[in-house]
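Data block below; observations after.
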Amino acid sequence: MKRALRVVAATALASTLSFASAAQARDMDMEGARPSAFAMFGDALIVRPVMTVATVGGAAIYVVTLPFSLIGGNAQEAGETLVVDPAATAFVRCLGCTPSQHERNQTDQEIRQANRD
């Protein structure tokens, strides 16, 4: 019984991931388009929690490896890769947006702000 539940849960997760990646791929084709509801759902349900955990785990790894990063001279790069990038994906990027869509939205907001001033 437990094995059957695990198989069903794994199948459901794999299906959700494949549909979310298909939605992301479709959204990347429509470069400036708003993200679909399905992309937002997949982002909120899967990507954000995973990236939040990755941010916490990356911070722990960064602290543990900091002495070696300082010796190697790449502490800033390690911090950006292990902590800042996952945190930006989890907390800053618009819901359901691809990175290119997020950048375009940011640029559009900056242009609108400049026109107001």
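Going by the structure tokens order, chains are called A, B, ..., each with residues numbered from 1, while ligands are numbered from 1 in the order shown.
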- Non-local contacts of range 88-93 of chain A (12 Å; only C-alpha atoms; under 6 positions in same chain excluded) as a ChimeraX atom specification: /A:35,40,43-56,80-82,99-106
- Please, what distance in Å, to one decimal, runs between CA of Gln76 in chain A and CA of Gly96 in chain A?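 Here the two named atoms are 28.4 Å from each other.
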- Length of the CA of Ala60 in chain A to CA of Pro86 in chain A vector [Å]: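 It comes out at 13.1 Å.
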- Restricting the calculation to only C-alpha atoms, which member of A:Leu95, A:Asp117, A:Phe68, A:Gly58 is positioned closest to Phe38 in chain A?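 Checking each of A:Leu95, A:Asp117, A:Phe68, A:Gly58 against Phe38 in chain A, counting only C-alpha atoms, the winner is A:Leu95.
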- Do you know which residues are at most 9 Å from Tyr62 in chain A counting only C-alpha atoms, after dropping those on the same chain fewer than 5 positions away, and could you put them as a ChimeraX atom specification? /A:57,69,75,78-79,82-83
